[in-house]
Amino acid sequence: MPTATLSTTDLKPLARDMRVDIIRMIEAAGNGHPGGSLSIIDILTVLYWKFLKHDPKKPDWAERDRFILSKGHACPALYAVMAKRGYFPHDELLTLRKLGSPLQGHPDRMRLPGIEFSTGSLGQGLSVGVGMAIAAKMDKKNWKTYVVLGDGEMQEGQCWEAFMSAPKWKLDNLVMILDHNNGQIDGPVDQVMNIEPLADKLRAFNWDVQCIDGHDLDAVEKALANAQKAGGKPHAIVAKTIKGKGVSFMENNIAWHGNAPKKEDADKAVKEILNG
């Protein structure tokens, strides 16, 4: 369940520690995606501690909110959060991408309780989120569905079909959070296939839209609080983030989209995070 008594000041050291977890698990795996994992950890921290209705001891609790990490390659951030929240022992993080581990390179709902949908094929998560939100409406349930998308992912046409359908069904129980770090494997998003003016496009599709700094925990909290309101429209939070946030040599550096740090770089990154 949400921990309403925690302030965003309380959450900052949690986010810091989970940045360290992200670096260490990807280092141990020798493979993974640090850039986009570091860019979403602040968002996931506020969501999982302040808003998401969930129970790590009962991951299939019927009244839980649903969360989909559509940009599944950033799962080290999700695994760090889930470990910290008690879904599995913390030391299992170092089994990331190992044979037989529940912590696969992309989230696998058949292996890890607490994963709602197996993601990795970009563009699918919001469509599944729309279906979940419709199901909640049909069953007259109060749980919400949250979906985190990447901005490069929004070049997928299926996303825009979902953006069209959600307002048709008045899915005000659906919250889409965009990790807008302007980086994808082939380069800057605005050079590969520009998605701007993004907020204007989503408003034209009849979404409720908020634009925030995705690393400002107070701004994230305020935006998620606003997204609890009804009003007949799905909610979009466009969170401007920095790829590789917290590690100077990774920040806005496409080379760290899917590149695991060796021990020397990992040690340097951890030192920066802890001293930052």
# chains A, B, ... in the order shown; residues from 1 in each chain; ligands from 1
>>> residues_around(residues="Trp143 (chain A)", least_positions_apart="3", cutoff="8 Å", atoms="only C-alpha atoms", output="ChimeraX atom specification")
/A:53,63-66,136,173
>>> residues_around(residues="region 68-72 of chain A", least_positions_apart="6", cutoff="9 Å", atoms="only C-alpha atoms", output="JSON, numbers by chain")
{"A": [36, 78, 105, 106, 107, 115, 116, 117, 118, 119, 120, 121, 122, 123, 124, 125, 126, 128, 129, 145, 146, 147, 148, 149, 150, 153]}
>>> closest_residue(among="A:Val189, A:Thr5, A:Lys170, A:Ala236", to="Lys201 (chain A)", atoms="only C-alpha atoms")
A:Ala236
>>> closest_residue(among="A:Met250, A:Val220, A:Ala204, A:Leu174", to="Glu272 (chain A)", atoms="only C-alpha atoms")
A:Met250
>>> atom_distance(atom1="CA of Gly157 (chain A)", atom2="CA of Asn194 (chain A)")
13.5 Å
>>> select_by_dssp(residues="region 6-208 of chain A", states="strand (DSSP E or B)", output="VMD selection string")
chain A and resid 66 to 69 145 to 150 174 to 180 183 to 184 187 to 188 208
>>> select_by_dssp(residues="region 216-275 of chain A", states="alpha helix (DSSP H)", output="PyMOL selection string")
chain A and resi 217-226+263-275
>>> atom_distance(atom1="CA of Leu171 (chain A)", atom2="CA of Trp207 (chain A)")
9.5 Å
>>> residues_around(residues="Ile43 (chain A)", least_positions_apart="4", cutoff="12 Å", atoms="only C-alpha atoms", output="PDB file with N, CA and C atoms, in the first residue's frame")
ATOM      1  N   THR A   8       8.608  13.567   0.227  1.00  0.00           N
ATOM      2  CA  THR A   8       9.547  13.421  -0.880  1.00  0.00           C
ATOM      3  C   THR A   8      10.991  13.551  -0.378  1.00  0.00           C
ATOM      4  N   LEU A  11      12.032  10.223   0.459  1.00  0.00           N
ATOM      5  CA  LEU A  11      12.198   9.355  -0.702  1.00  0.00           C
ATOM      6  C   LEU A  11      13.536   9.557  -1.421  1.00  0.00           C
ATOM      7  N   LYS A  12      14.158  10.710  -1.244  1.00  0.00           N
ATOM      8  CA  LYS A  12      15.396  10.994  -1.966  1.00  0.00           C
ATOM      9  C   LYS A  12      16.491   9.971  -1.687  1.00  0.00           C
ATOM     10  N   LEU A  14      16.098   6.919  -0.784  1.00  0.00           N
ATOM     11  CA  LEU A  14      15.666   5.655  -1.377  1.00  0.00           C
ATOM     12  C   LEU A  14      16.006   5.633  -2.865  1.00  0.00           C
ATOM     13  N   ALA A  15      15.695   6.728  -3.563  1.00  0.00           N
ATOM     14  CA  ALA A  15      16.006   6.813  -4.990  1.00  0.00           C
ATOM     15  C   ALA A  15      17.511   6.736  -5.222  1.00  0.00           C
ATOM     16  N   GLY A  36      18.227   4.511 -19.481  1.00  0.00           N
ATOM     17  CA  GLY A  36      16.790   4.656 -19.286  1.00  0.00           C
ATOM     18  C   GLY A  36      16.291   4.159 -17.954  1.00  0.00           C
ATOM     19  N   SER A  37      17.086   3.327 -17.285  1.00  0.00           N
ATOM     20  CA  SER A  37      16.719   2.889 -15.933  1.00  0.00           C
ATOM     21  C   SER A  37      16.947   4.035 -14.941  1.00  0.00           C
ATOM     22  N   LEU A  38      18.070   4.716 -15.077  1.00  0.00           N
ATOM     23  CA  LEU A  38      18.368   5.836 -14.190  1.00  0.00           C
ATOM     24  C   LEU A  38      17.414   7.007 -14.413  1.00  0.00           C
ATOM     25  N   SER A  39      16.893   7.135 -15.625  1.00  0.00           N
ATOM     26  CA  SER A  39      16.013   8.280 -15.894  1.00  0.00           C
ATOM     27  C   SER A  39      14.618   8.117 -15.300  1.00  0.00           C
ATOM     28  N   LEU A  47       5.833   6.846  -7.308  1.00  0.00           N
ATOM     29  CA  LEU A  47       4.655   6.037  -7.630  1.00  0.00           C
ATOM     30  C   LEU A  47       4.494   4.873  -6.658  1.00  0.00           C
ATOM     31  N   TYR A  48       5.556   4.107  -6.432  1.00  0.00           N
ATOM     32  CA  TYR A  48       5.451   2.891  -5.621  1.00  0.00           C
ATOM     33  C   TYR A  48       5.372   3.168  -4.121  1.00  0.00           C
ATOM     34  N   TRP A  49       5.839   4.328  -3.688  1.00  0.00           N
ATOM     35  CA  TRP A  49       5.759   4.628  -2.261  1.00  0.00           C
ATOM     36  C   TRP A  49       4.582   5.522  -1.890  1.00  0.00           C
ATOM     37  N   LYS A  50       4.101   6.322  -2.842  1.00  0.00           N
ATOM     38  CA  LYS A  50       3.087   7.324  -2.481  1.00  0.00           C
ATOM     39  C   LYS A  50       1.714   7.087  -3.106  1.00  0.00           C
ATOM     40  N   PHE A  51       1.634   6.340  -4.203  1.00  0.00           N
ATOM     41  CA  PHE A  51       0.356   6.289  -4.914  1.00  0.00           C
ATOM     42  C   PHE A  51      -0.140   4.878  -5.241  1.00  0.00           C
ATOM     43  N   LEU A  52       0.724   4.012  -5.690  1.00  0.00           N
ATOM     44  CA  LEU A  52       0.280   2.711  -6.174  1.00  0.00           C
ATOM     45  C   LEU A  52      -0.295   1.870  -5.035  1.00  0.00           C
ATOM     46  N   LEU A  69       5.406  -1.411 -17.154  1.00  0.00           N
ATOM     47  CA  LEU A  69       6.604  -0.743 -17.655  1.00  0.00           C
ATOM     48  C   LEU A  69       6.713  -1.090 -19.131  1.00  0.00           C
ATOM     49  N   ALA A  77      15.406  -0.647 -13.094  1.00  0.00           N
ATOM     50  CA  ALA A  77      14.779   0.324 -12.183  1.00  0.00           C
ATOM     51  C   ALA A  77      13.588  -0.307 -11.477  1.00  0.00           C
ATOM     52  N   LEU A  78      12.760  -1.021 -12.217  1.00  0.00           N
ATOM     53  CA  LEU A  78      11.592  -1.665 -11.618  1.00  0.00           C
ATOM     54  C   LEU A  78      12.013  -2.735 -10.623  1.00  0.00           C
ATOM     55  N   VAL A  81      13.129  -1.186  -7.371  1.00  0.00           N
ATOM     56  CA  VAL A  81      11.970  -0.742  -6.588  1.00  0.00           C
ATOM     57  C   VAL A  81      11.272  -1.935  -5.936  1.00  0.00           C
ATOM     58  N   TYR A 146      -1.453   2.333 -14.393  1.00  0.00           N
ATOM     59  CA  TYR A 146      -0.354   3.253 -14.696  1.00  0.00           C
ATOM     60  C   TYR A 146       0.560   2.600 -15.729  1.00  0.00           C
ATOM     61  N   VAL A 147       0.956   3.367 -16.727  1.00  0.00           N
ATOM     62  CA  VAL A 147       1.847   2.854 -17.774  1.00  0.00           C
ATOM     63  C   VAL A 147       2.984   3.841 -17.976  1.00  0.00           C
ATOM     64  N   VAL A 148       4.226   3.353 -17.923  1.00  0.00           N
ATOM     65  CA  VAL A 148       5.390   4.188 -18.235  1.00  0.00           C
ATOM     66  C   VAL A 148       5.873   3.844 -19.639  1.00  0.00           C
ATOM     67  N   LEU A 149       5.922   4.867 -20.495  1.00  0.00           N
ATOM     68  CA  LEU A 149       6.403   4.728 -21.866  1.00  0.00           C
ATOM     69  C   LEU A 149       7.726   5.462 -22.019  1.00  0.00           C
ATOM     70  N   MET A 176      -0.821   7.607 -18.058  1.00  0.00           N
ATOM     71  CA  MET A 176       0.370   7.348 -18.871  1.00  0.00           C
ATOM     72  C   MET A 176       1.459   8.326 -18.438  1.00  0.00           C
ATOM     73  N   ILE A 177       2.634   7.793 -18.100  1.00  0.00           N
ATOM     74  CA  ILE A 177       3.775   8.625 -17.724  1.00  0.00           C
ATOM     75  C   ILE A 177       4.853   8.437 -18.778  1.00  0.00           C
ATOM     76  N   LEU A 178       5.250   9.523 -19.410  1.00  0.00           N
ATOM     77  CA  LEU A 178       6.267   9.446 -20.455  1.00  0.00           C
ATOM     78  C   LEU A 178       7.634   9.805 -19.906  1.00  0.00           C
ATOM     79  N   ASP A 179       8.578   8.889 -20.060  1.00  0.00           N
ATOM     80  CA  ASP A 179       9.974   9.144 -19.715  1.00  0.00           C
ATOM     81  C   ASP A 179      10.608   9.864 -20.902  1.00  0.00           C
ATOM     82  N   HIS A 180      10.574  11.182 -20.861  1.00  0.00           N
ATOM     83  CA  HIS A 180      10.982  12.000 -22.008  1.00  0.00           C
ATOM     84  C   HIS A 180      12.452  12.404 -21.859  1.00  0.00           C
ATOM     85  N   ILE A 212       6.151  18.039 -16.638  1.00  0.00           N
ATOM     86  CA  ILE A 212       6.904  18.226 -15.392  1.00  0.00           C
ATOM     87  C   ILE A 212       8.371  17.881 -15.577  1.00  0.00           C
ATOM     88  N   ASP A 213       9.154  18.224 -14.561  1.00  0.00           N
ATOM     89  CA  ASP A 213      10.528  17.750 -14.423  1.00  0.00           C
ATOM     90  C   ASP A 213      10.458  16.388 -13.746  1.00  0.00           C
ATOM     91  N   GLY A 214      10.842  15.351 -14.449  1.00  0.00           N
ATOM     92  CA  GLY A 214      10.709  13.989 -13.933  1.00  0.00           C
ATOM     93  C   GLY A 214      11.690  13.625 -12.837  1.00  0.00           C
ATOM     94  N   HIS A 215      12.595  14.531 -12.496  1.00  0.00           N
ATOM     95  CA  HIS A 215      13.525  14.286 -11.394  1.00  0.00           C
ATOM     96  C   HIS A 215      13.200  15.143 -10.168  1.00  0.00           C
ATOM     97  N   ASP A 216      12.189  15.971 -10.280  1.00  0.00           N
ATOM     98  CA  ASP A 216      11.718  16.782  -9.151  1.00  0.00           C
ATOM     99  C   ASP A 216      10.638  15.967  -8.433  1.00  0.00           C
ATOM    100  N   LEU A 217      10.977  15.372  -7.294  1.00  0.00           N
ATOM    101  CA  LEU A 217      10.048  14.469  -6.621  1.00  0.00           C
ATOM    102  C   LEU A 217       8.760  15.167  -6.224  1.00  0.00           C
ATOM    103  N   ASP A 218       8.852  16.441  -5.850  1.00  0.00           N
ATOM    104  CA  ASP A 218       7.641  17.189  -5.497  1.00  0.00           C
ATOM    105  C   ASP A 218       6.744  17.367  -6.721  1.00  0.00           C
ATOM    106  N   ALA A 219       7.351  17.647  -7.872  1.00  0.00           N
ATOM    107  CA  ALA A 219       6.577  17.808  -9.107  1.00  0.00           C
ATOM    108  C   ALA A 219       5.934  16.492  -9.524  1.00  0.00           C
ATOM    109  N   VAL A 220       6.669  15.399  -9.369  1.00  0.00           N
ATOM    110  CA  VAL A 220       6.109  14.079  -9.694  1.00  0.00           C
ATOM    111  C   VAL A 220       4.923  13.777  -8.780  1.00  0.00           C
ATOM    112  N   GLU A 221       5.092  14.047  -7.491  1.00  0.00           N
ATOM    113  CA  GLU A 221       4.009  13.799  -6.544  1.00  0.00           C
ATOM    114  C   GLU A 221       2.775  14.636  -6.880  1.00  0.00           C
ATOM    115  N   LYS A 222       2.972  15.904  -7.180  1.00  0.00           N
ATOM    116  CA  LYS A 222       1.842  16.778  -7.508  1.00  0.00           C
ATOM    117  C   LYS A 222       1.120  16.301  -8.766  1.00  0.00           C
ATOM    118  N   ALA A 223       1.890  15.911  -9.770  1.00  0.00           N
ATOM    119  CA  ALA A 223       1.282  15.449 -11.024  1.00  0.00           C
ATOM    120  C   ALA A 223       0.478  14.171 -10.804  1.00  0.00           C
ATOM    121  N   LEU A 224       1.021  13.237 -10.030  1.00  0.00           N
ATOM    122  CA  LEU A 224       0.296  11.993  -9.766  1.00  0.00           C
ATOM    123  C   LEU A 224      -0.939  12.252  -8.920  1.00  0.00           C
ATOM    124  N   ILE A 237       1.243  12.301 -18.167  1.00  0.00           N
ATOM    125  CA  ILE A 237       2.278  13.078 -17.494  1.00  0.00           C
ATOM    126  C   ILE A 237       3.534  13.000 -18.349  1.00  0.00           C
ATOM    127  N   VAL A 238       3.885  14.110 -18.967  1.00  0.00           N
ATOM    128  CA  VAL A 238       5.083  14.171 -19.798  1.00  0.00           C
ATOM    129  C   VAL A 238       6.218  14.621 -18.893  1.00  0.00           C
ATOM    130  N   ALA A 239       7.074  13.675 -18.516  1.00  0.00           N
ATOM    131  CA  ALA A 239       8.134  13.932 -17.547  1.00  0.00           C
ATOM    132  C   ALA A 239       9.458  14.125 -18.281  1.00  0.00           C
ATOM    133  N   LYS A 240       9.952  15.342 -18.270  1.00  0.00           N
ATOM    134  CA  LYS A 240      11.255  15.620 -18.881  1.00  0.00           C
ATOM    135  C   LYS A 240      12.339  15.043 -17.971  1.00  0.00           C
ATOM    136  N   THR A 241      13.133  14.138 -18.504  1.00  0.00           N
ATOM    137  CA  THR A 241      14.155  13.460 -17.707  1.00  0.00           C
ATOM    138  C   THR A 241      15.508  13.526 -18.414  1.00  0.00           C
TER     139      THR A 241
END
>>> closest_residue(among="A:Gly35, A:Ala29, A:Trp61, A:Gly131", to="Glu92 (chain A)", atoms="only C-alpha atoms")
A:Ala29
>>> closest_residue(among="A:Gly32, A:Pro56, A:Pro13, A:Gly152", to="Glu196 (chain A)", atoms="only C-alpha atoms")
A:Gly152
>>> closest_residue(among="A:Met154, A:Phe249, A:Asn206, A:His235", to="Asp190 (chain A)", atoms="only C-alpha atoms")
A:Met154
>>> closest_residue(among="A:Leu274, A:Met164, A:Ala255, A:Leu99", to="His33 (chain A)", atoms="only C-alpha atoms")
A:Ala255
>>> residues_around(residues="Ala269 (chain A)", least_positions_apart="2", cutoff="10 Å", atoms="only C-alpha atoms", output="CSV table (one decimal) with N, CA and C atoms, in the first residue's frame")
chain,number,residue,atom,x,y,z
A,19,ARG,N,19.5,3.9,-7.4
A,19,ARG,CA,20.4,4.1,-8.5
A,19,ARG,C,21.7,3.3,-8.3
A,20,VAL,N,22.2,3.1,-7.1
A,20,VAL,CA,23.3,2.3,-6.9
A,20,VAL,C,23.0,0.8,-7.3
A,23,ILE,N,23.1,0.3,-11.0
A,23,ILE,CA,24.5,0.2,-11.5
A,23,ILE,C,25.1,-1.2,-11.2
A,24,ARG,N,24.9,-1.6,-9.9
A,24,ARG,CA,25.6,-2.8,-9.5
A,24,ARG,C,25.0,-4.1,-10.2
A,246,GLY,N,22.3,11.2,-12.7
A,246,GLY,CA,23.0,10.9,-11.5
A,246,GLY,C,24.4,10.4,-11.7
A,247,VAL,N,24.8,10.1,-12.9
A,247,VAL,CA,26.1,9.7,-13.3
A,247,VAL,C,26.6,10.6,-14.4
A,248,SER,N,27.6,11.4,-14.1
A,248,SER,CA,28.0,12.5,-15.1
A,248,SER,C,28.3,11.9,-16.4
A,249,PHE,N,29.1,10.9,-16.5
A,249,PHE,CA,29.6,10.4,-17.8
A,249,PHE,C,28.5,9.6,-18.5
A,250,MET,N,27.4,9.3,-17.9
A,250,MET,CA,26.3,8.6,-18.5
A,250,MET,C,25.2,9.6,-18.9
A,261,PRO,N,28.4,-1.1,-17.4
A,261,PRO,CA,29.7,-0.6,-17.0
A,261,PRO,C,30.6,-1.7,-16.5
A,263,LYS,N,33.8,-2.8,-13.9
A,263,LYS,CA,34.0,-2.4,-12.5
A,263,LYS,C,34.5,-1.0,-12.3
A,264,GLU,N,35.5,-0.6,-13.0
A,264,GLU,CA,36.0,0.7,-12.8
A,264,GLU,C,35.0,1.8,-13.0
A,265,ASP,N,34.2,1.7,-14.1
A,265,ASP,CA,33.1,2.7,-14.4
A,265,ASP,C,32.0,2.6,-13.4
A,266,ALA,N,31.7,1.3,-13.0
A,266,ALA,CA,30.6,1.1,-12.0
A,266,ALA,C,31.0,1.7,-10.6
A,267,ASP,N,32.3,1.5,-10.2
A,267,ASP,CA,32.7,2.1,-9.0
A,267,ASP,C,32.7,3.6,-9.0
A,271,LYS,N,30.2,6.0,-6.7
A,271,LYS,CA,30.8,7.1,-5.9
A,271,LYS,C,30.1,8.4,-6.2
A,272,GLU,N,29.8,8.7,-7.5
A,272,GLU,CA,29.1,9.9,-7.9
A,272,GLU,C,27.7,10.0,-7.3
A,273,ILE,N,27.0,8.9,-7.4
A,273,ILE,CA,25.7,8.8,-6.9
A,273,ILE,C,25.6,9.0,-5.4
A,274,LEU,N,26.5,8.4,-4.6
A,274,LEU,CA,26.5,8.5,-3.2
A,274,LEU,C,27.0,9.9,-2.7
A,275,ASN,N,27.8,10.6,-3.5
A,275,ASN,CA,28.3,11.9,-3.2
A,275,ASN,C,27.5,13.0,-3.8
>>> atom_distance(atom1="CA of Lys84 (chain A)", atom2="CA of Trp256 (chain A)")
24.4 Å
